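Shown next, in structure tokens, is the structure this report addresses.
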Amino acid sequence: MLYREAGQFKTTYAEDMAIFPIRQDRIALAILLGIAFIGVPLLADFDIWPFGSDYLLRAILLPFLILALAAIGVNILVGYCGQISLGSGAFMAIGAYSAYKLGTGVHIPLAWFDFAISIPPLPVLLAILLGGLTAAVAGILFGVPSLRIKGLYLAVATLAAQFFFDWVFLRVAWFTNYAPSGSVNAPTLDFFGLHVGTPIERYLLCLIFVTVFAVLAKNLVRGNLGRQWMAIRDMDIAAELIGIRPLYAKLTAFAVSSFIIGVAGALWAFVYLGSWEPLAFSIDRSLQLLFMVIIGGLGSIMGAFVGAAFILILPILLNRIPSELGVPLSTETITHLEFIIFGSLICYLLIKEPHGFARLISLGKEKLRLWPFPY
Amino acid sequence: MSGVLYSLVALGFVLIFKASGVFNFAQGAMVLLAGLALVRSLDLLVTRGFPLWAAIILGIGFAAVIMAIAAWLIERFVIGPLVNQDGLTLFMSTIGVTFILEGAAQMIFGSDAYPLRLFPTDAWFLFENVFPGGILVNKLDVWGGFIAGILVAGLAIFFERTKTGRALRAVADDHLAAQSVGIPIGWIWFVVWLAAGLVALVAATVWGTKLGVQFSITFLALKALPVLIIGGLTSIPGAIVGGLIVGAGEKIAEVFLGSYIGGGIEYWFAYVLALAVLLVRPQGLFGERIIERI
């Protein structure tokens with residue numbers, strides 16, 4: 001009854017091509033954005049549980065937003081273009097470290113020419129975006145093998161990127177400004193003279209980034225480029241036959257995806273972690289992102305959000321439940337139990353719903369449209 | 001020479017890929033499970049006063065039973081229901097299996113590092129009278145090579161000569177066609193996972209003797225992936241040769257190249273080598289040529 005588009009007539013082409021053609025979807029999205037942009041800060045301001053504590057903002061909402069952004073990036077590559085990547089963590093690291101270098105000033109001495117390239121410290125916003133751009137370039141380089149190989153072979157090729165960059169940021173001291181411990185601190189976060197420090201400010205900053213990139217991605221995947229990617233994913237030879245250039249389509253997918261992942265990596269390092277080591281972007285991070293995309297739903301922007309929420313909240317719940325129920329368990333047992341439950345859930349979801357939560361949601365929508373008379 | 005060890009893990013990968021088309025991410029976790037089951041039961045039996053030889057036989061038997069149970073559970077509850085799904089889904093499900101196995105193995109058998117002493121680890125000096133110093137040969141490596149050789153011969157005979165082996169190759173070619181001529185696909189997959197589990201057990205005995213049985217074994221097992229790419233995903237001899245190339249290559253690179261660019265390149269050398277091989281010869285050195293049909 002509530003969710004039905006009967007009577008919503010489209011009188012212009014623009015209306016027909018809108019991102020959200022159904023009015024109820026638009027209203028739901030507006031409410032969601034309203035809650036995210038105005039509701040949460042207000043609740044936090046008035047100290048209303050649970051928004052009053054920093055814990056929710058800092059430990060749940062902030063990582064959720066940033067990882068959802070990264071998952072959108074991964075989804076473009078894996079879900080829309082069908083190229084498996086196990087190297088997303090490396091591209092996050094590239095984004096983070098190049099943003100760090102650009103944010104603190106680059107100095108490359110060229111001893112042979114008696115000359116040095118120096119770039120003064122850039123504003124943080126510019127550094128983050130350029131960090132994404134660097135990741136995009138690296139993405140294109142490591143995307144080149146995808147023109148010859150596909151599927152699981154490509155997964156190993158991206159694994160090479162992961163391990164190589166793990167090593168580079170651990171061993172090449174130039175990237176960490178010769179920090180003795182290998183861990184680096186983010187520059188202070190000033191945007192156009194505004195200082196971003198408190199959890200709520202950090203939250204809003206990430207929210208803006210995520211909203212902008214989600215809208216961009218959503219538009220991109222339903223346009224010409226997105227359709228090329230999907231054609232390549234569904235059958236690359238057939239796509240080539242109807243005039244889609246695989247070189248262009250695959251490399252743009254790698255570039256766009258790595259750009260978004262790189263920006264997410266820079267945000268993760270600057271806004272969430274503050275100070276970090278290469279370990280923050282290890283192979284575990286890549287697998288985590290891949291899980292988010294698969295569980296959320298391949299080829300769905302909303303799926304990235306659902307998957308990120310699921311993967312983040314599940315371990316927190318698993319940690320909480322035994323102590324809430326009063327079952328005494330050692331931390332070691334809990335960690336192992338977490339592994340088992342996590343693995344079982346993934347297998348269960350893959351068996352029951354291989355298309356992820358996004359598919360469940362769209363099924364639910366279909367049901368709602370016919371409700372209460374499914375004839 | 002850790003190359004032989006890489007080969008042993010890679011063999012497990014190849015087995016499963018050949019027979020079910022599944023890229024088995026869980027092989028490392030299976031090595032961990034087998035190693036932990038073996039070492040813990042050995043400890044228990046020895047403290048109960050069993051003679052060492054009986055303890056070893058019983059321990060290996062126990063670990064083999066554990067692997068069989070694991071294989072049955074995986075086939076019954078994870079891979080079985082996923083018949084006809086695409087490769088990506090199956091691959092993801094084996095990552096899920098990895099998590100389950102790692103958690104379960106450590107919860108049941110403990111999560112410390114346990115030393116394992118099955119093979120001698122001291123060294124021989126060969127050709128000492130030919131030139132001074134001679135060649136240092138680790139006995140463990142000889143054992144490892146010996147075992148790998150037997151495994152390859154055994155597996156080759158199993159694949160080529162036995163009825164089950166032939167059924168297995170049929171399943172790999174085409175699930176539906178194999179089912180329609182009456183090959184029980186569930187049973188075949190159980191056999192495959194069991195075989196992979198037993199290879200994991202063998203790998204665990206050798207690796208455990210070298211490094212102790214501990215969680216980091218699962219990470220080293222990831223090295224088997226580039227080994228596979230170099231050798232070819234469908235070739236058993238390829239797994240052995242690939243393992244030797246990677247094992248020797250990364251040591252040589254570390255010694256000759258590592259000192260110039262900061263050291264520690266063992267960590268990624270195998271992967272970058274695999275990347276280079278992929279660009280030149282995507283099917284690997286011994287793999288079957290990948291033919292695509294529309």
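Convention: chains lettered A, B, ... in structure tokens order; per-chain residue numbering from 1; ligands numbered from 1 as shown.
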**Request:** Find the residues around Leu36 in chain B up to 10 Å (only C-alpha atoms counted), leave out those fewer than 2 positions away in its own chain, and share them as a ChimeraX atom specification.
**Result:** /B:30-34,38-42,63,105-106,108-114,116,201,204-205,208,212-215
Restricting the output to C-alpha atoms, write the selected residues as a short mmCIF file (atom, residue, chain, number, x, y, z; two decimals), in the first residue's frame.
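See selection_32.cif below for the written result:
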```
data_model
loop_
_atom_site.label_atom_id
_atom_site.label_comp_id
_atom_site.auth_asym_id
_atom_site.auth_seq_id
_atom_site.Cartn_x
_atom_site.Cartn_y
_atom_site.Cartn_z
CA MET B 30 44.02 -27.47 6.34
CA VAL B 31 47.77 -27.73 6.85
CA LEU B 32 47.35 -25.98 10.19
CA LEU B 33 44.49 -28.28 11.23
CA ALA B 34 46.39 -31.42 10.25
CA LEU B 38 49.03 -34.56 14.76
CA VAL B 39 51.25 -32.73 17.21
CA ARG B 40 48.69 -32.58 20.00
CA SER B 41 47.75 -36.26 19.76
CA LEU B 42 51.45 -37.15 19.67
CA ALA B 63 45.09 -36.67 12.13
CA ALA B 105 41.58 -25.99 14.88
CA GLN B 106 42.90 -23.50 17.39
CA ILE B 108 40.13 -27.57 19.90
CA PHE B 109 43.87 -28.09 19.81
CA GLY B 110 45.23 -24.87 21.30
CA SER B 111 46.87 -21.88 19.66
CA ASP B 112 50.51 -21.96 20.76
CA ALA B 113 53.49 -22.95 18.67
CA TYR B 114 54.22 -26.64 19.10
CA LEU B 116 57.30 -31.39 16.02
CA LEU B 201 48.89 -33.69 6.57
CA ALA B 204 52.23 -30.37 7.97
CA THR B 205 54.68 -33.06 9.08
CA GLY B 208 56.02 -28.61 11.42
CA GLY B 212 57.00 -25.82 14.53
CA VAL B 213 53.26 -26.10 14.18
CA GLN B 214 51.82 -22.63 14.59
CA PHE B 215 49.36 -20.19 13.12
#
```
**Request:** Enumerate the residues of range 58-223 of chain B with a DSSP assignment of alpha helix (DSSP H), computed from the backbone, and present them as JSON, numbers by chain.
**Result:** {"B": [58, 59, 60, 61, 62, 63, 64, 65, 66, 67, 68, 69, 70, 71, 72, 73, 74, 87, 88, 89, 90, 91, 92, 93, 94, 95, 96, 97, 98, 99, 100, 101, 102, 103, 104, 105, 106, 107, 108, 109, 139, 140, 141, 142, 143, 144, 145, 146, 147, 148, 149, 150, 151, 152, 153, 154, 155, 156, 157, 158, 159, 160, 161, 163, 164, 165, 166, 167, 168, 169, 170, 171, 172, 173, 175, 176, 177, 178, 179, 180, 185, 186, 187, 188, 189, 190, 191, 192, 193, 194, 195, 196, 197, 198, 199, 200, 201, 202, 203, 204, 205, 206, 207, 208, 209, 210, 211, 217, 218, 219, 220, 221, 222]}
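Minimum distance to chain A across B:Asp43, B:Glu160, B:Glu250, B:Asp86 (counting only C-alpha atoms) occurs at B:Asp86.
Selected on chain A by distance to chain B: Ala157, Ala160, Phe163, Phe164, His336, Phe339, Ile340, Gly343, Ile346 and Cys347 of chain A (within 6 Å, counting only C-alpha atoms).
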**Request:** Using DSSP on the backbone coordinates, identify all residues within range 107-246 of chain B classified as strand (DSSP E); present the result as an MDAnalysis selection string.
**Result:** chainID B and resid 123:126 135:138
**Residues near Leu65 in chain A, cut-off 9 Å, only C-alpha atoms, skip fewer than 4 positions along chain, as an MDAnalysis selection string** = chainID A and resid 60:61 69:70 203 206:207 210 305 308:309
